[in-house]
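Peer 1: My structure is in my_file-v5.pdb, and what it holds is PDB, C-alpha atoms:
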ATOM      1  CA  MET L  23     -22.745  11.676   6.869
ATOM      2  CA  SER L  24     -19.218  10.892   8.011
ATOM      3  CA  THR L  25     -16.813  13.529   9.261
ATOM      4  CA  ILE L  26     -13.806  11.334   8.468
ATOM      5  CA  PRO L  27     -11.689  13.021   5.780
ATOM      6  CA  GLU L  28     -10.742  11.205   2.604
ATOM      7  CA  ALA L  29      -7.289   9.602   2.515
ATOM      8  CA  GLN L  30      -4.634  11.830   0.983
ATOM      9  CA  PRO L  31      -2.029  10.217  -1.303
ATOM     10  CA  ALA L  32       1.628  10.853  -0.480
ATOM     11  CA  ALA L  33       4.205  12.300  -2.846
ATOM     12  CA  PRO L  34       6.628   9.755  -4.313
ATOM     13  CA  TRP L  35      10.209   9.532  -3.068
ATOM     14  CA  ARG L  36      12.706  11.979  -4.633
ATOM     15  CA  PRO L  37      16.488  12.145  -4.134
ATOM     16  CA  GLU L  38      16.111  15.395  -2.154
ATOM     17  CA  ASP L  39      14.035  13.422   0.413
ATOM     18  CA  GLY L  40      17.196  11.660   1.603
ATOM     19  CA  PRO L  41      18.099   7.987   1.390
ATOM     20  CA  ARG L  42      15.752   5.703  -0.521
ATOM     21  CA  PRO L  43      13.092   4.122   1.676
ATOM     22  CA  THR L  44      13.382   0.481   2.696
ATOM     23  CA  VAL L  45      10.681  -1.400   0.778
ATOM     24  CA  TRP L  46       8.918  -4.536   2.042
ATOM     25  CA  VAL L  47       6.657  -6.820  -0.014
ATOM     26  CA  TRP L  48       4.418  -9.808   0.704
ATOM     27  CA  PRO L  49       3.539 -12.845  -1.416
ATOM     28  CA  ARG L  50       0.855 -11.976  -3.975
ATOM     29  CA  GLY L  51      -1.600 -14.488  -2.495
ATOM     30  CA  ASP L  52      -1.199 -13.296   1.109
ATOM     31  CA  ARG L  53      -1.008  -9.517   1.131
ATOM     32  CA  PRO L  54      -2.314  -7.375   3.978
ATOM     33  CA  ALA L  55      -5.003  -4.830   3.152
ATOM     34  CA  LEU L  56      -6.196  -1.395   4.204
ATOM     35  CA  ARG L  57      -9.504   0.443   4.009
ATOM     36  CA  VAL L  58      -9.120   3.749   2.154
ATOM     37  CA  ARG L  59     -11.736   6.486   2.574
ATOM     38  CA  SER L  60     -12.646   7.703  -0.942
ATOM     39  CA  ALA L  61     -15.781   9.159  -2.560
ATOM     40  CA  GLY L  62     -17.565   9.011   0.794
ATOM     41  CA  ARG L  63     -17.012   5.260   1.333
ATOM     42  CA  TRP L  64     -14.409   2.896   2.748
ATOM     43  CA  ARG L  65     -12.672   1.120  -0.170
ATOM     44  CA  TYR L  66     -10.760  -2.151   0.140
ATOM     45  CA  ALA L  67      -7.095  -1.774  -0.839
ATOM     46  CA  LYS L  68      -4.542  -4.602  -1.170
ATOM     47  CA  VAL L  69      -1.067  -3.594   0.004
ATOM     48  CA  VAL L  70       1.567  -3.850  -2.731
ATOM     49  CA  ALA L  71       4.479  -2.637  -0.576
ATOM     50  CA  ARG L  72       5.409  -0.927   2.674
ATOM     51  CA  GLN L  73       7.988   1.864   2.539
ATOM     52  CA  ASP L  74       9.975   2.775   5.660
ATOM     53  CA  TRP L  75      11.419   6.260   5.081
ATOM     54  CA  SER L  76      14.622   7.532   6.714
ATOM     55  CA  ASP L  77      12.626  10.264   8.529
ATOM     56  CA  GLY L  78      10.673   7.563  10.384
ATOM     57  CA  THR L  79       7.469   7.799   8.355
ATOM     58  CA  VAL L  80       5.754   4.731   6.908
ATOM     59  CA  ARG L  81       3.951   4.675   3.573
ATOM     60  CA  TYR L  82       1.861   1.943   2.020
ATOM     61  CA  GLN L  83       1.561   1.444  -1.721
ATOM     62  CA  VAL L  84      -1.879  -0.054  -2.427
ATOM     63  CA  GLU L  85      -4.114  -1.199  -5.261
ATOM     64  CA  VAL L  86      -7.496   0.492  -4.783
ATOM     65  CA  ASP L  87     -10.729   1.181  -6.667
ATOM     66  CA  LEU L  88     -11.341   4.781  -5.559
ATOM     67  CA  ASP L  89     -14.869   5.248  -6.904
ATOM     68  CA  GLY L  90     -16.479   1.813  -7.170
ATOM     69  CA  SER L  91     -16.029   1.659 -10.953
ATOM     70  CA  THR L  92     -13.731  -1.426 -10.744
ATOM     71  CA  ASN L  93     -10.913   0.744 -12.113
ATOM     72  CA  VAL L  94      -7.956  -0.134  -9.862
ATOM     73  CA  THR L  95      -5.291   2.496  -9.230
ATOM     74  CA  VAL L  96      -1.942   2.117  -7.471
ATOM     75  CA  LEU L  97      -1.399   4.897  -4.919
ATOM     76  CA  THR L  98       0.846   5.481  -1.925
ATOM     77  CA  TYR L  99      -0.473   6.740   1.420
ATOM     78  CA  GLN L 100       1.427   7.866   4.503
ATOM     79  CA  TRP L 101       0.409   5.960   7.627
ATOM     80  CA  PRO L 102      -1.327   6.831   9.869
ATOM     81  CA  GLN L 103      -4.052   9.230   8.767
ATOM     82  CA  PRO L 104      -7.787   9.380   9.543
ATOM     83  CA  GLY L 105      -8.802   8.190   6.054
ATOM     84  CA  LEU L 106      -6.937   4.868   6.409
ATOM     85  CA  ARG L 107      -7.797   1.799   8.479
ATOM     86  CA  THR L 108      -6.437  -1.710   8.712
ATOM     87  CA  ALA L 109      -8.613  -4.248   6.846
ATOM     88  CA  HIS L 110      -6.537  -7.356   7.658
ATOM     89  CA  GLY L 111      -2.974  -8.504   8.114
ATOM     90  CA  SER L 112      -0.956 -11.211   6.410
ATOM     91  CA  ALA L 113       0.090 -14.615   7.728
ATOM     92  CA  SER L 114       3.336 -14.254   5.748
ATOM     93  CA  GLU L 115       6.436 -12.336   6.755
ATOM     94  CA  PRO L 116       7.335  -9.461   4.427
ATOM     95  CA  SER L 117      10.532  -9.608   2.405
ATOM     96  CA  ARG L 118      12.858  -7.016   0.896
ATOM     97  CA  THR L 119      13.076  -9.014  -2.340
ATOM     98  CA  ALA L 120      10.242  -9.784  -4.707
ATOM     99  CA  GLY L 121      10.992 -13.090  -6.390
ATOM    100  CA  GLU L 122       8.731 -14.686  -8.982
ATOM    101  CA  THR L 123       7.248 -17.035  -6.401
ATOM    102  CA  GLN L 124       6.245 -14.092  -4.216
ATOM    103  CA  GLN L 125       4.806 -12.095  -7.076
ATOM    104  CA  GLY L 126       2.792 -14.925  -8.602
ATOM    105  CA  GLY L 127       4.996 -15.422 -11.655
ATOM    106  CA  LEU L 128       4.480 -18.346 -13.986
ATOM    107  CA  PRO L 129       5.876 -21.684 -12.846
ATOM    108  CA  ARG L 130       9.156 -22.843 -14.349
ATOM    109  CA  TRP L 131       8.982 -26.100 -16.331
TER     110      TRP L 131
END
Show me, as structure tokens, the structure contained in the file I just sent.

Peer 2:
Amino acid sequence: MSTIPEAQPAAPWRPEDGPRPTVWVWPRGDRPALRVRSAGRWRYAKVVARQDWSDGTVRYQVEVDLDGSTNVTVLTYQWPQPGLRTAHGSASEPSRTAGETQQGGLPRW
């Protein structure tokens, strides 16, 4: 039995939190990933975005199946915390804009 606590989701940004966070995204086909501790297991979680908050904290928005049911949920976690680990990085540089080519949109004819 593991003594590592489950990852705790972070509250979303609100105006009273200060300036909006700076958001970074990666191309859909080359996103980094985390391992999220949930339901007693490490779950694979693709990173949707990184948020750099004005208070210096970093949060990752991820797509994760929390219970092994194949039901994917989008949650945000503050980094670091014991219930999060790096799964792998990305070969691509993140961007502050999410164009269709980065997000896997349909090709233009």

Peer 1: List every protein, DNA or RNA residue with an atom no more than 6 Å from (9.9, -1.8, 4.0) in the file's coordinates, counting all atoms listed in the file, and format the result as a ChimeraX atom specification.

Peer 2: /L:44-46,72-74

Peer 1: Using only C-alpha atoms, which protein or nucleic acid residues come within 12 Å of stretch 63-69 of chain L? Drop anything in the same chain fewer than 3 positions from it, and give the result as number ranges by chain.

Peer 2: L: 23-29, 45-60, 72-73, 81-92, 94-99, 104-112, 116

Peer 1: Taking all atoms listed in the file into account, which of L:Gly40, L:Pro102, L:Gly62, L:Pro34 comes nearest L:Thr79?

Peer 2: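 Using all atoms listed in the file, the shortest distance to L:Thr79 belongs to L:Pro102.
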
Peer 1: What is the distance, in Å and to one decimal place, between atom CA of L:Gln103 and atom CA of L:Trp75?

Peer 2: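 The value is 16.2 Å.
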
Peer 1: Box for stretch 93-106 of chain L: with edges along x, y and z, all listed atoms inside and 5 Å added on each side, what are the centre and edge lengths in Å to one decimal, as JSON?

Peer 2:
{"center_x": -4.7, "center_y": 4.6, "center_z": -1.1, "size_x": 22.3, "size_y": 19.5, "size_z": 32.0}

Peer 1: Point out the residue among L:Pro43, L:Pro31, L:Gly78, L:Pro37 with the least atom-to-atom distance to L:Gln100, counting all atoms listed in the file.

Peer 2: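 Answer, going by the shortest atom-to-atom distance: L:Pro31.
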
Peer 1: Hey, can you check how far atom CA of L:Gln30 sits from atom CA of L:Arg118?

Peer 2: 25.7 Å

Peer 1: Report, in Å to a single decimal, how far apart atom CA of L:Val80 and atom CA of L:Glu38 are.

Peer 2: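 Atom CA of L:Glu38 sits 17.4 Å away from atom CA of L:Val80.
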